[in-house]
$ cat run_2.tsv   # TSV, C-alpha atoms
chain	number	residue	atom	x	y	z
A	977	MET	CA	18.33	65.00	8.78
A	978	ASN	CA	20.74	64.65	5.87
A	979	ARG	CA	19.97	66.38	2.57
A	980	SER	CA	21.82	67.11	-0.65
A	981	LEU	CA	22.69	70.69	-1.57
A	982	ASN	CA	20.34	70.30	-4.54
A	983	GLU	CA	17.45	69.49	-2.20
A	984	VAL	CA	18.20	72.54	-0.06
A	985	GLU	CA	18.29	74.76	-3.14
A	986	THR	CA	15.05	73.36	-4.52
A	987	ILE	CA	12.98	73.60	-1.35
A	988	ALA	CA	14.22	77.16	-0.73
A	989	TRP	CA	13.13	78.25	-4.20
A	990	LYS	CA	9.70	76.65	-3.89
A	991	ALA	CA	9.17	77.95	-0.35
A	992	ALA	CA	10.06	81.52	-1.31
A	993	ARG	CA	7.72	81.34	-4.30
A	994	GLY	CA	5.00	79.85	-2.13
A	995	ALA	CA	5.36	82.74	0.31
A	996	GLY	CA	4.84	85.25	-2.49
A	997	TYR	CA	8.36	86.30	-3.44
A	998	PRO	CA	8.91	87.07	-7.14
A	999	TRP	CA	10.80	84.61	-9.32
A	1000	GLY	CA	14.12	86.43	-9.23
A	1001	ILE	CA	14.23	86.81	-5.45
A	1002	ALA	CA	13.12	83.19	-5.00
A	1003	GLU	CA	16.08	82.11	-7.14
A	1004	GLU	CA	18.36	84.27	-4.98
A	1005	ALA	CA	16.95	82.61	-1.85
A	1006	ALA	CA	17.65	79.17	-3.32
A	1007	ALA	CA	21.21	80.06	-4.25
A	1008	ALA	CA	21.78	81.69	-0.85
A	1009	LEU	CA	20.73	78.60	1.11
A	1010	ARG	CA	22.89	76.41	-1.08
A	1011	TRP	CA	25.88	78.76	-0.60
A	1012	LEU	CA	25.45	78.63	3.17
A	1013	ALA	CA	24.95	74.87	3.26
A	1014	GLY	CA	28.10	74.41	1.20
A	1015	ARG	CA	29.97	76.17	4.00
A	1016	GLY	CA	28.40	74.16	6.80
A	1017	ILE	CA	25.69	76.66	7.80
A	1018	ASP	CA	22.03	75.68	8.02
A	1019	GLY	CA	20.07	78.61	6.58
A	1020	CYS	CA	16.71	76.83	6.74
A	1021	PRO	CA	15.64	78.24	10.15
A	1022	ALA	CA	16.49	81.77	9.00
A	1023	LEU	CA	14.53	81.41	5.76
A	1024	ALA	CA	11.54	79.79	7.49
A	1025	SER	CA	11.48	82.63	10.03
A	1026	LEU	CA	11.71	85.24	7.28
A	1027	LEU	CA	8.89	83.71	5.24
A	1028	GLU	CA	6.65	83.52	8.30
A	1029	ARG	CA	7.32	87.21	8.89
A	1030	THR	CA	6.70	88.40	5.33
A	1031	ASP	CA	3.94	85.97	4.31
A	1032	GLY	CA	0.85	87.89	3.21
A	1033	SER	CA	2.59	91.24	3.64
A	1034	ASN	CA	3.49	93.95	1.16
A	1035	LEU	CA	7.09	93.07	0.30
A	1036	GLY	CA	7.73	96.72	-0.46
A	1037	ASP	CA	7.58	97.34	3.29
A	1038	PHE	CA	10.68	95.12	3.66
A	1039	SER	CA	12.62	96.49	0.68
A	1040	PRO	CA	15.64	98.76	1.20
A	1041	GLU	CA	15.41	102.45	0.47
A	1042	PRO	CA	18.74	104.11	-0.39
A	1043	GLY	CA	20.42	106.51	1.99
A	1044	ASN	CA	23.45	106.76	4.24
A	1045	VAL	CA	21.89	103.74	5.96
A	1046	TRP	CA	19.63	101.59	3.79
A	1047	SER	CA	16.40	100.94	5.67
A	1048	ALA	CA	12.93	99.53	5.05
A	1049	PRO	CA	9.69	101.54	5.08
A	1050	GLY	CA	8.20	98.98	7.46
A	1051	GLY	CA	11.16	99.14	9.82
A	1052	VAL	CA	12.66	95.68	9.16
A	1053	LEU	CA	14.70	94.77	6.08
A	1054	CYS	CA	14.36	91.52	4.18
A	1055	PRO	CA	17.93	90.18	3.76
A	1056	LEU	CA	17.11	88.78	0.33
A	1057	MET	CA	16.03	92.14	-1.05
A	1058	ALA	CA	18.81	93.91	0.84
A	1059	GLY	CA	21.21	91.40	-0.68
A	1060	ALA	CA	19.89	92.07	-4.17
A	1061	ALA	CA	20.48	95.80	-3.57
A	1062	LEU	CA	24.00	95.03	-2.34
A	1063	SER	CA	24.67	93.07	-5.53
A	1064	ASP	CA	23.38	95.91	-7.69
A	1065	HIS	CA	25.69	98.41	-5.95
A	1066	ALA	CA	28.68	96.12	-5.39
A	1067	ARG	CA	31.07	98.26	-7.41
A	1068	HIS	CA	30.52	101.16	-4.99
A	1069	LEU	CA	31.99	99.09	-2.16
A	1070	ARG	CA	35.45	99.97	-3.47
A	1071	GLN	CA	34.75	103.59	-2.53
A	1072	CYS	CA	32.69	103.26	0.64
A	1073	ALA	CA	31.00	100.80	2.97
A	1074	HIS	CA	27.32	99.97	2.71
A	1075	GLU	CA	25.26	100.16	5.89
A	1076	PHE	CA	21.86	98.58	6.45
A	1077	GLY	CA	19.35	99.20	9.22
A	1078	ARG	CA	17.42	96.65	11.22
A	1079	MET	CA	17.37	93.33	9.37
A	1080	ALA	CA	15.50	90.05	9.80
A	1081	SER	CA	17.32	86.70	9.38
A	1082	PRO	CA	20.63	88.46	8.59
A	1083	VAL	CA	22.60	85.26	7.99
A	1084	LEU	CA	20.88	85.22	4.59
A	1085	LEU	CA	22.82	88.38	3.63
A	1086	LEU	CA	26.19	86.60	3.85
A	1087	PRO	CA	25.98	84.83	0.46
A	1088	PHE	CA	25.27	88.16	-1.24
A	1089	ALA	CA	28.40	89.59	0.36
A	1090	GLY	CA	30.28	86.58	-1.01
A	1091	TRP	CA	28.97	87.11	-4.52
A	1092	ALA	CA	29.74	90.83	-4.35
A	1093	ALA	CA	33.30	90.06	-3.19
A	1094	ALA	CA	33.84	87.69	-6.11
A	1095	ARG	CA	32.30	90.12	-8.59
A	1096	ILE	CA	34.58	93.05	-7.73
A	1097	GLY	CA	37.63	91.00	-6.74
A	1098	VAL	CA	38.01	92.05	-3.09
A	1099	ASN	CA	37.61	90.59	0.38
A	1100	LEU	CA	34.53	91.81	2.20
A	1101	GLN	CA	33.74	92.00	5.89
A	1102	VAL	CA	30.19	92.01	7.21
A	1103	THR	CA	29.99	93.37	10.75
A	1104	TRP	CA	27.19	93.54	13.30
A	1105	SER	CA	26.93	94.02	17.02
A	1106	GLY	CA	28.73	91.04	18.51
A	1107	GLY	CA	30.21	89.48	15.41
A	1108	SER	CA	31.53	89.62	11.86
A	1109	SER	CA	32.21	87.54	8.79
A	1110	PHE	CA	34.89	87.64	6.11
A	1111	THR	CA	34.62	86.34	2.57
A	1112	ASP	CA	36.47	86.44	-0.72
A	1113	GLY	CA	33.48	84.91	-2.47
A	1114	GLU	CA	34.60	81.33	-2.04
A	1115	GLY	CA	35.60	80.99	1.60
A	1116	LEU	CA	33.70	82.23	4.64
A	1117	ALA	CA	35.09	82.95	8.09
A	1118	LEU	CA	32.46	83.58	10.74
A	1119	GLN	CA	32.83	85.07	14.21
A	1120	GLY	CA	29.63	85.30	16.24
A	1121	ASP	CA	26.04	84.39	15.41
A	1122	PRO	CA	24.14	86.45	12.81
A	1123	GLY	CA	21.05	84.26	13.06
A	1124	ARG	CA	18.89	86.65	15.09
A	1125	ASP	CA	17.42	89.97	13.99
A	1126	LEU	CA	20.09	92.63	13.97
A	1127	GLY	CA	19.85	96.35	14.64
A	1128	GLY	CA	22.27	97.11	11.83
A	1129	VAL	CA	24.75	95.55	9.42
A	1130	LYS	CA	27.79	97.02	7.68
A	1131	VAL	CA	29.52	95.64	4.58
A	1132	ALA	CA	33.00	96.94	3.76
A	1133	VAL	CA	36.21	96.02	1.95
A	1134	SER	CA	38.54	94.12	4.26
A	1135	GLY	CA	42.08	92.79	4.37
A	1136	ALA	CA	42.96	89.13	4.20
A	1137	VAL	CA	40.23	86.64	5.04
A	1138	SER	CA	40.92	84.71	8.24
A	1139	GLU	CA	40.70	80.92	8.30
A	1140	ALA	CA	37.62	79.88	6.37
A	1141	ARG	CA	35.03	77.34	7.44
A	1142	PRO	CA	35.48	73.88	5.90
A	1143	GLY	CA	33.34	73.13	2.88
A	1144	ALA	CA	30.41	70.71	3.04
A	1145	ARG	CA	28.94	68.39	0.42
A	1146	ARG	CA	25.80	67.54	2.41
A	1147	ALA	CA	23.39	69.65	4.46
A	1148	TYR	CA	21.93	68.90	7.87
A	1149	PRO	CA	18.86	71.14	8.14
A	1150	GLU	CA	16.84	71.51	11.30
A	1151	SER	CA	13.82	69.21	10.95
A	1152	ARG	CA	11.21	71.72	12.11
A	1153	ALA	CA	12.49	74.44	9.78
A	1154	TRP	CA	12.66	71.99	6.87
A	1155	ASP	CA	9.05	70.95	7.45
A	1156	ARG	CA	7.97	74.61	7.60
A	1157	LEU	CA	9.68	75.33	4.30
A	1158	GLY	CA	7.90	72.31	2.91
A	1159	GLU	CA	4.56	73.81	3.91
A	1160	PHE	CA	5.35	76.97	1.97
A	1161	ALA	CA	6.67	74.93	-0.95
A	1162	CYS	CA	3.39	73.00	-1.19
A	1163	ARG	CA	1.68	76.18	-2.32
A	1164	VAL	CA	3.59	76.05	-5.62
A	1165	HIS	CA	1.78	74.13	-8.33
A	1166	ALA	CA	2.91	76.00	-11.44
A	1167	PRO	CA	4.55	74.23	-14.40
A	1168	ALA	CA	8.32	73.96	-14.12
A	1169	SER	CA	10.29	76.93	-15.43
A	1170	GLU	CA	13.81	76.78	-16.80
A	1171	ALA	CA	15.02	77.93	-13.39
A	1172	SER	CA	13.10	75.25	-11.50
A	1173	ARG	CA	14.23	72.57	-13.94
A	1174	ARG	CA	17.82	73.69	-13.38
A	1175	LEU	CA	17.38	73.56	-9.62
A	1176	GLY	CA	15.91	70.10	-9.82
A	1177	ALA	CA	18.51	68.73	-12.21
A	1178	GLY	CA	21.65	70.14	-10.70
A	1179	GLY	CA	22.91	73.07	-8.66
A	1180	ALA	CA	25.64	75.61	-8.59
A	1181	ASP	CA	29.21	75.39	-7.29
A	1182	GLY	CA	30.04	72.46	-9.56
A	1183	ILE	CA	29.13	69.89	-6.90
A	1184	ASP	CA	27.43	66.65	-7.81
A	1185	ASP	CA	24.97	65.76	-5.06
A	1186	ASP	CA	23.82	62.42	-6.40

$ encode --input "run_2.tsv" --output "structure tokens"
Amino acid sequence: MNRSLNEVETIAWKAARGAGYPWGIAEEAAAALRWLAGRGIDGCPALASLLERTDGSNLGDFSPEPGNVWSAPGGVLCPLMAGAALSDHARHLRQCAHEFGRMASPVLLLPFAGWAAARIGVNLQVTWSGGSSFTDGEGLALQGDPGRDLGGVKVAVSGAVSEARPGARRAYPESRAWDRLGEFACRVHAPASEASRRLGAGGADGIDDD
């Protein structure tokens, strides 16, 4: 399956909204999947798995609570809401690392680390048992697979980013995950907002996907 980055962004936004996420987090989900796809990573299976897990649940149970290790009341963090918390506290990364507890679909946290790195002008490393990633906000170097649930994740300032993954102008999502996202997206029948019109007309990163 071959899709444009715009299509990935749009279906992610609609699917997250269809699964009950608020507008702002749905927009973050859309941008996150586009960011991953632009670096050759298919985030669709991770998002589909996350939405299946949180669908019909109290999202507060998956939201991070501050502490030495940010954790969720329900025991498993949503990477989208953990990522939003990371963005809100990005400036503190200059002083200390941020640690998160058990997290579902953790690959979805990587774009937030990228945005935090760009915002504060540093390189960031995300580490987990068995792997790590490095990003300066634009490039992404990945060692190991963060696709499964993780027992913990740490985000810290790093040195130079190792060789980054090549960029991608098209996405190649897993068919089953794409179809599942489509099922969630079908729940959305609201009039188009400015955000949804933007997602439909053109995406981020300055890439034309026509």

$ atom_distance --input "run_2.tsv" --atom1 "CA of Leu1035 in chain A" --atom2 "CA of Cys1072 in chain A"
27.6 Å

$ residues_around --input "run_2.tsv" --residues "range 1064-1070 of chain A" --least-positions-apart "2" --cutoff "7 Å" --atoms "only C-alpha atoms" --output "PyMOL selection string"
chain A and resi 1060-1062+1072-1074+1092+1096+1132-1133

$ residues_around --input "run_2.tsv" --residues "Ala1022 in chain A" --least-positions-apart "3" --cutoff "7 Å" --atoms "all atoms listed in the file" --output "list in words"
Gly1019, Ser1025, Leu1026, Ser1081 and Gly1123 of chain A

$ closest_residue --input "run_2.tsv" --among "A:Glu985, A:Gly1077, A:Asn1044, A:Glu1139" --to "Asp1125 in chain A" --atoms "all atoms listed in the file"
A:Gly1077

$ atom_distance --input "run_2.tsv" --atom1 "CA of Leu981 in chain A" --atom2 "CA of Ser1151 in chain A"
15.4 Å

$ atom_distance --input "run_2.tsv" --atom1 "CA of Met1079 in chain A" --atom2 "CA of Gln1119 in chain A"
18.2 Å

$ residues_around --input "run_2.tsv" --residues "Gly1158 in chain A" --least-positions-apart "6" --cutoff "9 Å" --atoms "only C-alpha atoms" --output "list in words"
Ile987, Ala988, Lys990 and Ala991 of chain A

$ residues_around --input "run_2.tsv" --residues "Phe1038 in chain A" --least-positions-apart "3" --cutoff "7 Å" --atoms "only C-alpha atoms" --output "PyMOL selection string"
chain A and resi 1035+1048-1050+1052-1054

$ closest_residue --input "run_2.tsv" --among "A:Leu1157, A:Ala1147, A:Val1164, A:Ala1080" --to "Arg1015 in chain A" --atoms "only C-alpha atoms"
A:Ala1147

$ closest_residue --input "run_2.tsv" --among "A:Arg1163, A:Arg1124, A:Arg1078, A:Arg1156" --to "Ser1039 in chain A" --atoms "all atoms listed in the file"
A:Arg1078

$ residues_around --input "run_2.tsv" --residues "Gly1097 in chain A" --least-positions-apart "3" --cutoff "8 Å" --atoms "all atoms listed in the file" --output "PyMOL selection string"
chain A and resi 1093-1094+1112

$ closest_residue --input "run_2.tsv" --among "A:Lys1130, A:Arg1146, A:Gly996, A:Leu1012" --to "Ala1117 in chain A" --atoms "all atoms listed in the file"
A:Leu1012

$ axis_aligned_box --input "run_2.tsv" --around "range 1036-1053 of chain A" --padding-each-side "8 Å" --output "JSON"
{"center_x": 15.5, "center_y": 100.8, "center_z": 4.7, "size_x": 31.9, "size_y": 28.0, "size_z": 26.3}

$ closest_residue --input "run_2.tsv" --among "A:Pro1087, A:Gly1128, A:Gly1120, A:Gly1115" --to "Glu1075 in chain A" --atoms "all atoms listed in the file"
A:Gly1128

$ closest_residue --input "run_2.tsv" --among "A:Ala1161, A:Met977, A:Leu1027, A:Val1098" --to "Leu1056 in chain A" --atoms "only C-alpha atoms"
A:Leu1027

$ residues_near_point --input "run_2.tsv" --point "(6.2, 86.7, -5.2)" --cutoff "12 Å" --atoms "all atoms listed in the file" --output "MDAnalysis selection string"
chainID A and resid 989:1003 1005 1027 1030:1036 1057 1163:1164

$ residues_near_point --input "run_2.tsv" --point "(17.7, 102.1, 8.6)" --cutoff "6 Å" --atoms "all atoms listed in the file" --output "list in words"
Val1045, Trp1046, Ser1047, Phe1076 and Gly1077 of chain A
